[in-house]
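Enquirer: Input structure: structure10.cif, which contains mmCIF, C-alpha atoms.
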```
data_my_file
#
loop_
_atom_site.label_atom_id
_atom_site.label_comp_id
_atom_site.auth_asym_id
_atom_site.auth_seq_id
_atom_site.Cartn_x
_atom_site.Cartn_y
_atom_site.Cartn_z
CA MET A 733 7.32 17.17 -56.15
CA THR A 734 7.24 13.91 -58.05
CA VAL A 735 8.67 10.69 -56.69
CA ARG A 736 10.54 8.45 -59.09
CA SER A 737 9.10 4.97 -59.13
CA SER A 738 12.28 3.27 -60.25
CA LEU A 739 15.81 3.13 -58.98
CA LEU A 740 17.26 2.52 -62.44
CA PRO A 741 16.55 4.66 -65.50
CA GLY A 742 15.20 2.98 -68.61
CA PHE A 743 18.44 3.23 -70.55
CA VAL A 744 20.33 1.32 -67.84
CA VAL A 745 17.70 -1.42 -67.87
CA ALA A 746 17.97 -1.55 -71.67
CA ILE A 747 21.77 -1.95 -71.51
CA VAL A 748 21.38 -4.81 -69.03
CA LEU A 749 18.74 -6.48 -71.22
CA VAL A 750 20.95 -6.21 -74.31
CA THR A 751 23.90 -7.60 -72.40
CA VAL A 752 21.98 -10.57 -71.03
CA PHE A 753 19.59 -11.53 -73.83
CA SER A 754 21.73 -10.58 -76.85
CA LEU A 755 25.35 -10.94 -75.92
CA LYS A 756 25.30 -13.65 -73.23
CA LEU A 757 22.32 -15.81 -74.27
CA GLY A 758 22.05 -14.91 -77.96
CA LEU A 759 18.24 -15.06 -77.89
CA LEU A 760 17.37 -11.61 -79.26
CA PRO A 761 19.08 -9.22 -81.67
CA ALA A 762 21.06 -6.37 -80.11
CA GLY A 763 19.75 -3.76 -82.55
CA GLY A 764 18.19 -3.10 -85.89
CA TYR A 765 14.79 -2.80 -87.46
CA VAL A 766 12.68 -4.76 -89.91
CA PRO A 767 9.34 -3.33 -91.07
CA LEU A 768 6.25 -5.23 -89.94
CA ASP A 769 5.02 -5.85 -93.47
CA VAL A 770 8.37 -7.39 -94.53
CA ASP A 771 8.78 -10.01 -91.79
CA PRO A 772 6.38 -9.96 -88.79
CA VAL A 773 8.30 -12.57 -86.77
CA ARG A 774 11.62 -10.80 -87.12
CA TRP A 775 9.92 -7.46 -86.40
CA LEU A 776 8.63 -8.97 -83.15
CA THR A 777 12.11 -10.12 -82.12
CA PHE A 778 13.41 -6.57 -82.61
CA THR A 779 10.48 -5.13 -80.61
CA ILE A 780 10.57 -7.37 -77.52
CA MET A 781 13.57 -5.82 -75.74
CA PRO A 782 12.65 -2.13 -76.13
CA ALA A 783 9.09 -2.89 -75.03
CA ALA A 784 10.34 -4.77 -71.97
CA ALA A 785 12.80 -2.02 -71.03
CA LEU A 786 10.11 0.66 -71.25
CA SER A 787 7.44 -1.34 -69.43
CA LEU A 788 9.45 -2.54 -66.43
CA GLU A 789 9.18 0.80 -64.64
CA ALA A 790 5.40 0.89 -65.08
CA ALA A 791 5.08 -2.74 -63.98
CA ALA A 792 7.10 -2.01 -60.83
CA ALA A 793 4.88 0.97 -59.99
CA ILE A 794 1.72 -1.09 -60.47
CA ALA A 795 3.14 -3.90 -58.32
CA ARG A 796 3.92 -1.45 -55.51
CA GLN A 797 0.42 0.03 -55.67
CA LEU A 798 -1.13 -3.44 -55.66
CA ARG A 799 0.91 -4.51 -52.64
CA THR A 800 0.02 -1.35 -50.72
CA SER A 801 -3.68 -1.78 -51.39
CA LEU A 802 -3.58 -5.49 -50.50
CA VAL A 803 -1.85 -4.77 -47.19
CA GLY A 804 -4.42 -2.08 -46.45
CA THR A 805 -7.34 -4.36 -47.31
CA LEU A 806 -6.01 -7.25 -45.25
CA GLN A 807 -6.12 -4.99 -42.18
CA GLU A 808 -9.83 -4.19 -42.63
CA ASN A 809 -12.42 -5.44 -40.14
CA PHE A 810 -14.32 -7.60 -42.63
CA VAL A 811 -11.14 -9.56 -43.44
CA THR A 812 -10.35 -10.11 -39.77
CA GLY A 813 -13.92 -11.29 -39.16
CA SER A 814 -13.78 -13.64 -42.13
CA VAL A 815 -10.50 -15.13 -40.96
CA MET A 816 -11.89 -15.67 -37.47
CA ARG A 817 -14.99 -17.43 -38.88
CA GLY A 818 -12.82 -19.70 -40.96
#
```
Would you write out, as structure tokens, the structure that this file holds?
Expert:
Amino acid sequence: MTVRSSLLPGFVVAIVLVTVFSLKLGLLPAGGYVPLDVDPVRWLTFTIMPAAALSLEAAAAIARQLRTSLVGTLQENFVTGSVMRG
């Protein structure tokens, strides 16, 4: 059994990103494509939102793993001893 690491699917996150950054703020284009060799800057503006939508789920999973390991490490004896010594 696999556990989903995100409450929202990627396509919902993408719709929210398009709504906020394209329609409300007007910072990024809502859709389209320009080849990299034609205009690298415009290609980058078209690539930012899909990359962000696809990477948010992985970033959330990594953040949860990091928090869990930090909480576990902070409960170790060597940390308690170091805190007591100052």
Enquirer: Could you list the residues chosen by the PyMOL selection byres ((chain A and resi 763) around 10) in this structure as a PDB file with C-alpha atoms, in the frame of the given file?
Expert:
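Heads up, here's the output in out38.pdb:
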```
ATOM      1  CA  VAL A 750      20.950  -6.210 -74.310  1.00  0.00           C
ATOM      2  CA  SER A 754      21.730 -10.580 -76.850  1.00  0.00           C
ATOM      3  CA  LEU A 760      17.370 -11.610 -79.260  1.00  0.00           C
ATOM      4  CA  PRO A 761      19.080  -9.220 -81.670  1.00  0.00           C
ATOM      5  CA  ALA A 762      21.060  -6.370 -80.110  1.00  0.00           C
ATOM      6  CA  GLY A 764      18.190  -3.100 -85.890  1.00  0.00           C
ATOM      7  CA  TYR A 765      14.790  -2.800 -87.460  1.00  0.00           C
ATOM      8  CA  THR A 777      12.110 -10.120 -82.120  1.00  0.00           C
ATOM      9  CA  PHE A 778      13.410  -6.570 -82.610  1.00  0.00           C
ATOM     10  CA  THR A 779      10.480  -5.130 -80.610  1.00  0.00           C
ATOM     11  CA  MET A 781      13.570  -5.820 -75.740  1.00  0.00           C
ATOM     12  CA  PRO A 782      12.650  -2.130 -76.130  1.00  0.00           C
TER      13      PRO A 782
END
```
Enquirer: What lies within 10 Å of Pro767 of chain A using all atoms listed in the file, ignoring chain neighbours under 4 positions off, as a ChimeraX atom specification?
Expert: /A:771-772,774-776,778
Enquirer: Could you work out how far atom CA of Ala792 of chain A lies from atom CA of Leu739 of chain A, giving the answer in Å with one decimal?
Expert: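 Taking atom CA of Leu739 of chain A and atom CA of Ala792 of chain A, their separation equals 10.3 Å.
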Enquirer: Rounded to one decimal in Å, what is the spacing between atom CA of Ile747 of chain A and atom CA of Ala784 of chain A?
Expert: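 Atom-to-atom, atom CA of Ile747 of chain A and atom CA of Ala784 of chain A are spaced 11.8 Å apart.
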Enquirer: Please enclose the listed atoms of segment 793-798 of chain A in an axis-aligned box, pad each side by 5 Å, and write out the centre and the three edge lengths in Å, rounded to one decimal, as lines of an AutoDock Vina configuration file.
Expert:
```
center_x = 1.9
center_y = -1.5
center_z = -58.0
size_x = 16.0
size_y = 14.9
size_z = 15.0
```
Enquirer: Quick one, how far is atom CA of Leu788 of chain A from atom CA of Gly742 of chain A?
Expert: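 Between atom CA of Leu788 of chain A and atom CA of Gly742 of chain A the gap is 8.3 Å.
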Enquirer: Given only C-alpha atoms as the basis, pick out the residue of A:Thr800, A:Glu789, A:Val766, A:Ser814 nearest to Val745 of chain A.
Expert: A:Glu789
